[in-house]
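Structure data follow from upload.txt (compact mmCIF, C-alpha atoms):
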```txt
# COMPACT_ATOMS: atom_id res chain seq x y z
CA MET A 307 -41.55 87.87 159.16
CA SER A 308 -39.07 87.34 161.97
CA THR A 309 -35.84 85.41 161.69
CA LEU A 310 -37.30 82.68 163.92
CA GLN A 311 -40.31 82.23 161.65
CA ILE A 312 -38.09 82.05 158.57
CA SER A 313 -35.88 79.45 160.23
CA LEU A 314 -38.87 77.33 161.25
CA ALA A 315 -40.27 77.55 157.73
CA VAL A 316 -36.97 76.42 156.22
CA ILE A 317 -36.67 73.55 158.71
CA GLY A 318 -40.25 72.49 157.95
CA ALA A 319 -39.59 72.57 154.21
CA VAL A 320 -36.44 70.50 154.64
CA LEU A 321 -38.27 67.93 156.80
CA LEU A 322 -41.09 67.73 154.27
CA ALA A 323 -38.60 67.16 151.47
CA LEU A 324 -36.89 64.45 153.49
CA ILE A 325 -40.20 62.72 154.18
CA VAL A 326 -41.14 62.83 150.50
CA ALA A 327 -37.72 61.50 149.51
CA TYR A 328 -37.91 58.71 152.08
CA ASN A 329 -41.37 57.67 150.93
CA ALA A 330 -40.21 57.69 147.32
CA TRP A 331 -37.19 55.58 148.23
CA THR A 332 -39.34 53.13 150.20
CA THR A 333 -41.82 52.83 147.36
CA HIS A 334 -39.02 52.26 144.86
CA ARG A 335 -37.45 49.64 147.12
CA ASN A 336 -40.69 47.74 147.58
CA THR A 337 -41.80 47.92 143.96
CA PRO A 338 -41.17 44.57 142.23
CA ARG A 339 -38.36 44.65 139.71
CA LYS A 340 -39.65 44.57 136.18
CA ALA A 341 -38.33 42.89 133.06
CA LEU A 342 -36.20 44.93 130.72
CA PRO A 343 -37.47 45.76 127.22
CA PRO A 344 -36.87 42.85 124.83
CA GLU A 345 -34.87 44.96 122.36
CA GLY A 346 -31.57 43.37 121.53
CA GLU A 347 -32.49 40.10 123.19
CA ARG A 348 -32.60 36.89 121.16
CA LYS A 349 -36.14 35.57 121.15
CA PRO A 350 -36.35 31.81 121.81
CA ASP A 351 -37.56 29.58 119.03
CA ALA A 352 -41.14 28.41 119.27
CA ALA A 353 -39.96 24.89 120.04
CA GLN A 354 -38.01 26.25 123.03
CA ARG A 355 -40.89 28.10 124.61
CA HIS A 356 -42.63 25.15 126.17
CA GLU A 357 -41.70 22.35 128.48
CA PRO A 358 -40.72 19.23 126.50
CA ALA A 359 -43.24 16.39 126.45
CA LEU A 360 -42.12 13.47 128.58
CA ASP A 361 -42.87 9.79 128.76
CA ASP A 362 -43.50 10.19 132.46
CA ASP A 363 -44.92 13.11 134.39
CA ILE A 364 -42.29 14.38 136.83
CA SER A 365 -41.90 16.36 139.92
CA GLY A 366 -44.16 19.12 141.16
CA LEU A 367 -42.83 22.03 143.14
CA PRO A 368 -44.14 22.25 146.73
CA ALA A 369 -41.44 21.18 149.16
CA SER A 370 -41.26 19.65 152.60
CA THR A 371 -38.39 19.37 155.01
CA VAL A 372 -37.79 15.64 154.78
CA GLN A 373 -34.43 14.18 153.74
CA GLY A 374 -35.83 11.45 151.54
CA LEU A 375 -39.13 10.19 150.23
CA ASP A 376 -41.57 7.95 152.07
CA ARG A 377 -42.73 5.16 149.77
CA GLY A 378 -45.38 3.57 151.91
CA PRO A 379 -46.57 3.27 155.48
CA ASP A 380 -43.06 2.57 156.79
CA PRO A 381 -40.54 5.43 157.02
CA ALA A 382 -37.94 5.37 154.28
CA ILE A 383 -34.29 4.80 155.02
CA HIS A 384 -32.08 7.48 153.53
CA SER A 385 -28.51 6.80 152.50
CA VAL A 386 -27.93 10.36 151.32
CA ASP A 387 -27.82 12.98 154.08
CA LEU A 388 -29.33 16.13 152.59
CA ASP A 389 -29.90 18.28 155.65
CA ASP A 390 -30.08 21.57 153.77
CA ALA A 391 -32.20 20.33 150.89
CA LEU A 392 -35.92 20.22 150.45
CA VAL A 393 -37.77 17.22 149.12
CA LEU A 394 -40.54 17.24 146.57
CA PRO A 395 -43.64 15.08 146.85
CA ALA A 396 -43.80 12.00 144.68
CA PRO A 397 -45.30 12.69 141.25
CA HIS A 398 -48.00 10.56 139.69
CA SER A 399 -47.69 9.53 136.08
CA ALA A 400 -50.61 10.71 133.99
CA THR A 401 -50.43 7.85 131.51
CA HIS A 402 -48.52 4.64 130.95
CA ASP A 403 -49.70 3.93 127.44
CA ARG A 404 -46.20 4.37 125.99
CA TRP A 405 -44.20 1.71 127.77
CA ALA A 406 -40.62 0.77 127.31
CA VAL A 407 -39.93 -2.94 126.91
CA LEU A 408 -40.90 -4.86 130.02
CA ASP A 409 -37.83 -5.57 132.11
CA PRO A 410 -37.47 -8.56 134.47
CA LEU A 411 -35.45 -6.27 136.72
CA ILE A 412 -38.46 -4.22 137.74
CA ASP A 413 -41.47 -6.16 136.38
CA ALA A 414 -43.26 -9.39 137.19
CA ILE A 415 -43.77 -10.98 133.75
CA ALA A 416 -46.16 -13.68 132.54
CA PRO A 417 -45.54 -15.30 129.11
CA ILE A 418 -48.71 -15.67 127.01
CA VAL A 419 -48.64 -18.10 124.07
CA PRO A 420 -51.61 -18.31 121.64
CA GLU A 421 -52.42 -21.35 119.52
CA GLN A 422 -51.60 -19.37 116.39
CA PRO A 423 -50.24 -15.91 115.56
CA ILE A 424 -52.62 -13.11 116.56
CA SER A 425 -53.14 -9.86 114.70
CA GLY A 426 -52.33 -6.60 116.44
CA ASP A 427 -55.94 -5.50 115.95
CA ALA A 428 -57.25 -8.57 117.77
CA ALA A 429 -54.72 -8.10 120.56
CA LEU A 430 -55.70 -4.45 121.00
CA ALA A 431 -59.36 -5.42 121.16
CA ALA A 432 -58.63 -7.93 123.94
CA LEU A 433 -56.58 -5.55 126.11
CA PRO A 434 -58.10 -4.51 129.44
CA SER A 435 -59.58 -1.03 129.64
CA THR A 436 -57.07 0.15 132.24
CA ARG A 437 -53.29 -0.05 132.30
CA ARG A 438 -52.92 -0.38 136.06
CA ALA A 439 -53.12 -3.07 138.70
CA GLY A 440 -53.83 -1.11 141.84
CA SER A 441 -51.19 1.61 141.94
CA LYS A 442 -48.81 -0.26 139.63
CA PRO A 443 -48.47 0.10 135.84
CA PHE A 444 -49.60 -2.93 133.83
CA ALA A 445 -48.71 -3.67 130.21
CA VAL A 446 -49.05 -6.29 127.47
CA GLU A 447 -46.45 -6.65 124.71
CA GLY A 448 -46.25 -8.72 121.56
CA PHE A 449 -43.12 -10.17 119.99
CA ASN A 450 -42.35 -8.64 116.61
CA GLU A 451 -40.53 -11.38 114.67
CA ALA A 452 -39.35 -9.04 111.93
CA GLN A 453 -37.75 -6.66 114.42
CA GLN A 454 -36.89 -9.41 116.93
CA GLN A 455 -38.14 -7.34 119.83
CA TRP A 456 -41.09 -6.86 122.13
CA GLU A 457 -43.44 -3.98 121.47
CA THR A 458 -46.87 -2.63 122.32
CA PRO A 459 -49.35 -4.39 120.00
CA ALA A 460 -49.93 -2.34 116.86
CA PRO A 461 -52.52 -2.62 114.07
CA GLY A 462 -51.34 -4.45 110.96
CA GLN A 463 -48.83 -6.62 112.85
CA ARG A 464 -49.02 -10.33 113.72
CA TYR A 465 -47.59 -11.72 116.93
CA PRO A 466 -46.71 -15.36 117.71
CA SER A 467 -46.40 -14.68 121.44
CA PHE A 468 -47.15 -12.08 124.08
CA GLN A 469 -46.10 -11.18 127.59
CA ALA A 470 -47.94 -9.30 130.32
CA GLY A 471 -46.15 -7.46 133.08
CA VAL A 472 -46.80 -5.45 136.21
CA GLN A 473 -44.27 -3.13 137.81
CA LEU A 474 -42.84 -4.44 141.07
CA ALA A 475 -42.44 -1.07 142.79
CA ASN A 476 -42.76 2.68 142.35
CA ARG A 477 -42.95 5.66 144.67
CA MET A 478 -46.34 4.43 145.83
CA GLY A 479 -44.65 1.38 147.37
CA ALA A 480 -44.09 -2.30 146.61
CA LEU A 481 -46.42 -4.57 144.66
CA ASN A 482 -48.67 -6.38 147.15
CA GLU A 483 -50.72 -9.56 146.98
CA ILE A 484 -53.93 -7.76 146.02
CA GLU A 485 -52.25 -5.92 143.17
CA PHE A 486 -50.60 -9.12 141.97
CA SER A 487 -53.99 -10.85 141.95
CA GLU A 488 -55.45 -8.00 139.91
CA PHE A 489 -52.55 -8.40 137.48
CA VAL A 490 -53.32 -12.11 137.14
CA ILE A 491 -57.01 -11.44 136.51
CA LYS A 492 -56.30 -8.87 133.79
CA ALA A 493 -53.58 -10.91 132.10
CA GLN A 494 -55.75 -14.05 132.16
CA ALA A 495 -58.68 -12.13 130.65
CA PHE A 496 -56.39 -10.99 127.83
CA ALA A 497 -55.13 -14.54 127.30
CA ASP A 498 -58.71 -15.86 127.17
CA GLY A 499 -59.60 -13.14 124.68
CA ILE A 500 -56.97 -14.35 122.20
CA ASN A 501 -57.33 -18.07 123.00
CA ALA A 502 -53.90 -18.29 124.61
CA VAL A 503 -52.26 -19.89 127.63
CA ALA A 504 -50.72 -17.66 130.29
CA GLU A 505 -47.99 -18.84 132.68
CA PHE A 506 -47.73 -16.77 135.85
CA PRO A 507 -44.77 -16.49 138.24
CA ASP A 508 -45.16 -17.44 141.89
CA MET A 509 -46.99 -14.68 143.74
CA LEU A 510 -45.09 -14.93 147.02
CA GLN A 511 -41.76 -14.88 145.25
CA GLU A 512 -42.68 -11.82 143.17
CA VAL A 513 -44.10 -9.95 146.15
CA ALA A 514 -40.91 -10.66 148.11
CA ARG A 515 -38.86 -9.44 145.15
CA ALA A 516 -41.03 -6.31 145.00
CA ARG A 517 -40.39 -5.55 148.67
CA GLU A 518 -36.66 -5.95 148.25
CA LEU A 519 -36.64 -3.66 145.23
CA ASP A 520 -38.80 -1.11 147.04
CA GLN A 521 -36.43 -1.17 150.01
CA PHE A 522 -33.47 -0.47 147.74
CA ALA A 523 -35.36 2.33 145.96
CA SER A 524 -36.43 3.89 149.27
CA GLU A 525 -32.83 4.01 150.42
CA HIS A 526 -31.57 5.56 147.20
CA ASP A 527 -34.25 8.08 146.32
CA ALA A 528 -33.37 11.77 146.43
CA GLN A 529 -35.39 14.78 145.33
CA LEU A 530 -33.75 18.10 146.10
CA ALA A 531 -34.96 21.69 146.14
CA PHE A 532 -33.45 24.93 147.38
CA LEU A 533 -34.91 28.37 147.93
CA LEU A 534 -33.57 31.50 146.27
CA ARG A 535 -34.78 34.58 148.15
CA ALA A 536 -34.68 38.27 147.26
CA ARG A 537 -32.31 40.28 149.44
CA GLN A 538 -34.20 43.57 149.09
CA ALA A 539 -36.55 44.43 146.22
CA ALA A 540 -39.06 41.76 145.22
CA TRP A 541 -39.29 40.43 141.65
CA SER A 542 -42.16 40.68 139.20
CA PRO A 543 -43.01 37.49 137.25
CA GLY A 544 -41.67 39.05 134.06
CA TYR A 545 -38.38 40.00 135.70
CA LEU A 546 -37.98 36.52 137.15
CA GLN A 547 -38.84 34.80 133.87
CA GLN A 548 -36.49 37.04 131.91
CA ASN A 549 -33.52 36.21 134.12
CA ALA A 550 -34.42 32.52 134.24
CA ALA A 551 -34.60 32.44 130.44
CA ARG A 552 -31.10 33.89 130.26
CA ALA A 553 -29.97 30.99 132.44
CA GLY A 554 -31.46 28.48 129.99
CA PHE A 555 -34.94 27.87 131.42
CA VAL A 556 -38.06 27.65 129.26
CA PRO A 557 -41.72 27.96 130.33
CA GLY A 558 -43.26 24.82 131.77
CA ALA A 559 -46.73 23.43 131.23
CA ILE A 560 -47.90 24.78 134.61
CA PRO A 561 -48.10 28.51 135.48
CA GLY A 562 -45.30 29.40 137.86
CA ARG A 563 -43.04 26.65 136.54
CA MET A 564 -39.99 26.79 134.25
CA VAL A 565 -37.65 23.95 133.30
CA LEU A 566 -34.07 23.54 132.19
CA PRO A 567 -34.37 21.07 129.28
CA SER A 568 -32.29 17.94 128.96
CA SER A 569 -29.68 17.74 126.21
CA ALA A 570 -31.65 14.81 124.72
CA PRO A 571 -35.20 15.36 123.40
CA GLY A 572 -37.99 13.59 125.26
CA ARG A 573 -36.15 13.18 128.54
CA PRO A 574 -37.23 14.79 131.82
CA PRO A 575 -35.91 18.30 132.45
CA VAL A 576 -32.62 18.66 134.28
CA LEU A 577 -33.94 21.24 136.74
CA VAL A 578 -37.29 22.75 137.64
CA LEU A 579 -37.75 26.36 138.74
CA GLY A 580 -40.97 27.23 140.56
CA PHE A 581 -42.57 30.40 141.89
CA ASP A 582 -45.96 31.56 143.12
CA THR A 583 -48.68 30.34 140.75
CA GLN A 584 -51.06 33.13 141.76
CA ALA A 585 -48.46 35.72 140.83
CA ALA A 586 -47.98 34.05 137.45
CA LEU A 587 -51.76 34.16 136.84
CA SER A 588 -52.25 37.71 138.14
CA ASP A 589 -54.27 40.17 136.03
CA ASP A 590 -51.42 42.66 136.53
CA PRO A 591 -48.33 40.44 136.85
CA GLU A 592 -45.90 43.37 136.79
CA GLN A 593 -47.33 44.50 140.13
CA SER A 594 -47.12 41.02 141.68
CA ALA A 595 -44.33 40.74 144.20
CA ILE A 596 -42.33 37.50 144.32
CA ARG A 597 -39.78 37.19 147.06
CA GLU A 598 -38.60 33.62 146.56
CA LEU A 599 -38.36 30.81 144.03
CA SER A 600 -37.40 27.14 144.26
CA LEU A 601 -34.79 25.25 142.25
CA SER A 602 -35.50 21.51 142.16
CA LEU A 603 -33.77 18.34 141.02
CA ASP A 604 -35.28 14.84 140.88
CA VAL A 605 -32.00 12.92 141.02
CA ALA A 606 -33.14 9.52 139.69
CA GLN A 607 -34.88 11.06 136.69
CA VAL A 608 -31.79 12.81 135.27
CA HIS A 609 -28.70 11.08 133.90
CA ARG A 610 -25.50 11.92 135.74
CA THR A 611 -23.80 12.93 132.48
CA GLU A 612 -26.03 16.01 132.54
CA GLN A 613 -24.18 17.02 135.75
CA PRO A 614 -27.49 18.23 137.18
CA PHE A 615 -26.29 19.20 140.65
CA ALA A 616 -23.33 21.13 139.29
CA ARG A 617 -25.71 22.92 136.94
CA LEU A 618 -28.07 23.63 139.83
CA ARG A 619 -25.22 25.30 141.72
CA GLU A 620 -24.19 27.24 138.63
CA VAL A 621 -27.73 28.39 137.90
CA ALA A 622 -28.27 29.38 141.53
CA SER A 623 -25.08 31.46 141.47
CA VAL A 624 -26.05 33.18 138.22
CA LEU A 625 -29.58 33.97 139.41
CA CYS A 626 -28.41 35.18 142.82
CA GLN A 627 -26.00 37.59 141.18
CA ALA A 628 -28.40 38.79 138.50
CA MET A 629 -31.45 39.15 140.76
CA ASP A 630 -29.75 40.16 144.02
CA GLY A 631 -30.84 36.97 145.72
CA VAL A 632 -29.43 34.54 148.24
CA LEU A 633 -29.55 30.72 148.19
CA CYS A 634 -31.22 29.32 151.32
CA ASP A 635 -32.22 26.07 152.97
CA GLN A 636 -35.81 25.18 153.80
CA ASN A 637 -35.78 27.44 156.85
CA GLY A 638 -34.62 30.46 154.89
CA THR A 639 -31.09 30.21 156.27
CA PRO A 640 -28.47 31.32 153.71
CA LEU A 641 -26.24 28.51 152.47
CA PRO A 642 -22.53 29.13 151.99
CA ALA A 643 -20.92 27.55 148.94
CA MET A 644 -19.06 25.04 151.09
CA ALA A 645 -22.35 23.64 152.38
CA MET A 646 -23.08 22.25 148.92
CA ASP A 647 -19.88 20.22 148.61
CA PRO A 648 -20.93 17.36 150.96
CA ILE A 649 -24.22 17.00 149.08
CA ALA A 650 -22.34 16.72 145.78
CA ALA A 651 -20.13 13.99 147.22
CA ASP A 652 -23.13 12.06 148.58
CA LEU A 653 -24.86 12.26 145.21
CA GLU A 654 -21.86 10.73 143.46
CA GLN A 655 -22.10 7.76 145.83
CA LEU A 656 -25.81 7.54 145.13
CA TYR A 657 -25.18 7.47 141.38
CA ASP A 658 -22.65 4.66 141.86
CA MET A 659 -25.14 2.60 143.88
CA LEU A 660 -27.84 3.01 141.22
CA ASP A 661 -25.35 2.03 138.51
CA SER A 662 -24.37 -1.09 140.43
CA ARG A 663 -28.01 -2.19 140.41
CA ASP A 664 -28.44 -1.51 136.66
CA LEU A 665 -30.77 1.35 137.58
CA ALA A 666 -28.64 4.25 136.40
CA ALA A 667 -30.17 7.65 137.05
CA GLY A 668 -32.03 8.82 133.96
CA SER A 669 -32.42 5.32 132.51
CA LEU A 670 -35.89 4.14 131.51
CA GLN A 671 -35.84 1.61 134.35
CA ALA A 672 -34.94 4.24 136.94
CA ARG A 673 -37.47 6.70 135.58
CA ARG A 674 -40.19 4.07 135.88
CA LEU A 675 -39.12 2.87 139.31
CA PHE A 676 -38.79 6.38 140.74
CA SER A 677 -42.15 7.65 139.52
```

Output the file's structure in the form of structure tokens.
Amino acid sequence: MSTLQISLAVIGAVLLALIVAYNAWTTHRNTPRKALPPEGERKPDAAQRHEPALDDDISGLPASTVQGLDRGPDPAIHSVDLDDALVLPAPHSATHDRWAVLDPLIDAIAPIVPEQPISGDAALAALPSTRRAGSKPFAVEGFNEAQQQWETPAPGQRYPSFQAGVQLANRMGALNEIEFSEFVIKAQAFADGINAVAEFPDMLQEVARARELDQFASEHDAQLAFLLRARQAAWSPGYLQQNAARAGFVPGAIPGRMVLPSSAPGRPPVLVLGFDTQAALSDDPEQSAIRELSLSLDVAQVHRTEQPFARLREVASVLCQAMDGVLCDQNGTPLPAMAMDPIAADLEQLYDMLDSRDLAAGSLQARRLFS
């Protein structure tokens, strides 16, 4: 074999080795990162493994590029400028059976006085089959003399008086004349069922009050979400969930959803983390490639003492560092840390405005209004 042939053979072998190495490197780079073995990790308690049950169903995950939330046919007015944030669609409460005490601030209320005290069993039997008037929650409460408070009628109790109420506004819009009329029909049917007299507020006045409240809520509603994208290698669901768990998240009720629980049981989660549902449900999740996740905050649902936006920034920083990711806006443009400061300042003003209206973020009234 000549020297030329030997040289060509060596060059060919080197090129082949380089091609094999490059393909191996490319495959390794594109293979989703997998979770580490659980040895040495603290396993979460069973009570921490699932999303806490809430009085109201809260935000989903898909995002749009709107600054605020439309609450009806008219465009909403937005006092908080959140150019780099995404907005989540309005959630729909699954049930309103467990009501807080009706509040004149956000409810139209009709006193109902029977001729004599009525048992809780009789009151329950007379309640309408649905707890809504149009798109608005409807409720009936009885006055518990022993406790000196209003409550949902309960078996074994006796009530000297009742009150029926319908919510003035929610994220579906303001109470309108048709919904108010439906409220009157249902409340009157209940009153007739217990041989009582109902006294209703003026419809035009309540509808006007509903529109004013809806206008305020439209101007002070903020639902934020940001994207966290992989810089290079994608993530497997297990890898993502493992790192999210280290940051304090627990699995949600929906595949592809994790939540950062509130410090108080029964309250909505502070933050919601979402990723591709199909990847979460894959037959071979470790081979599913996830290149981005969303971090979401429904501002009105979380009390400001939880410092939710500060925690969102902290969590985003931790996950970016641990998972080699970058925080982005809705267009996939990376966000520098300084871009978050104006949003934090605007949110503090928003909290102050809600407080001034006795609708503090995270309060029962705010959670009902912004639902």

message: Measuring between only C-alpha atoms, which one of A:Ala432, A:Leu519, A:Gly631, A:Asp661 shows the shortest distance to Gln538 of chain A?
response: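 Selected residue with least distance to Gln538 of chain A: A:Gly631.
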
task: Could you give me, as a list of chain:residue names, the residues within 8 Å of Leu675 of chain A, counting all atoms listed in the file and dropping anything in the same chain fewer than 3 positions from it?
output: A:Ile412, A:Ala475, A:Asn476, A:Arg477, A:Ala523, A:Gln671, A:Ala672

field: Gln627 of chain A surroundings by only C-alpha atoms, 12 Å radius, close-in-sequence under 3 positions cut, as a list of chain:residue names
entry: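 After dropping sequence-adjacent residues, the list is A:Leu534, A:Arg535, A:Ala536, A:Arg537, A:Asn549, A:Ala553, A:Glu620, A:Val621, A:Ala622, A:Ser623, A:Val624, A:Asp630, A:Gly631, A:Val632, A:Leu633.
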
statement: Using only C-alpha atoms, the residue out of A:Ala616, A:Val407, A:Met644, A:Leu653 with shortest distance to Gln455 of chain A is A:Val407

message: Restricting the calculation to all atoms listed in the file: of A:Val503, A:Ala460, A:Leu546, A:Val446, which residue gets closest to Glu598 of chain A?
response: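 When distances to Glu598 of chain A are compared using all atoms listed in the file, the smallest one comes from A:Leu546.
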
- request: Please measure the separation of atom CA of Ser669 of chain A and atom CA of Pro574 of chain A, giving the value in Å to one decimal.
  value: 10.6 Å

query: What is the distance between atom CA of Phe506 of chain A and atom CA of Val472 of chain A, in Å to one decimal?
result: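 Going from atom CA of Phe506 of chain A over to atom CA of Val472 of chain A, I get 11.4 Å.
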
Listed atoms of segment 629-634 of chain A, axis-aligned box, 8 Å per side: centre and edge lengths to one decimal in Å, as lines of an AutoDock Vina configuration file?
```
center_x = -30.4
center_y = 34.7
center_z = 146.0
size_x = 18.0
size_y = 26.8
size_z = 26.6
```
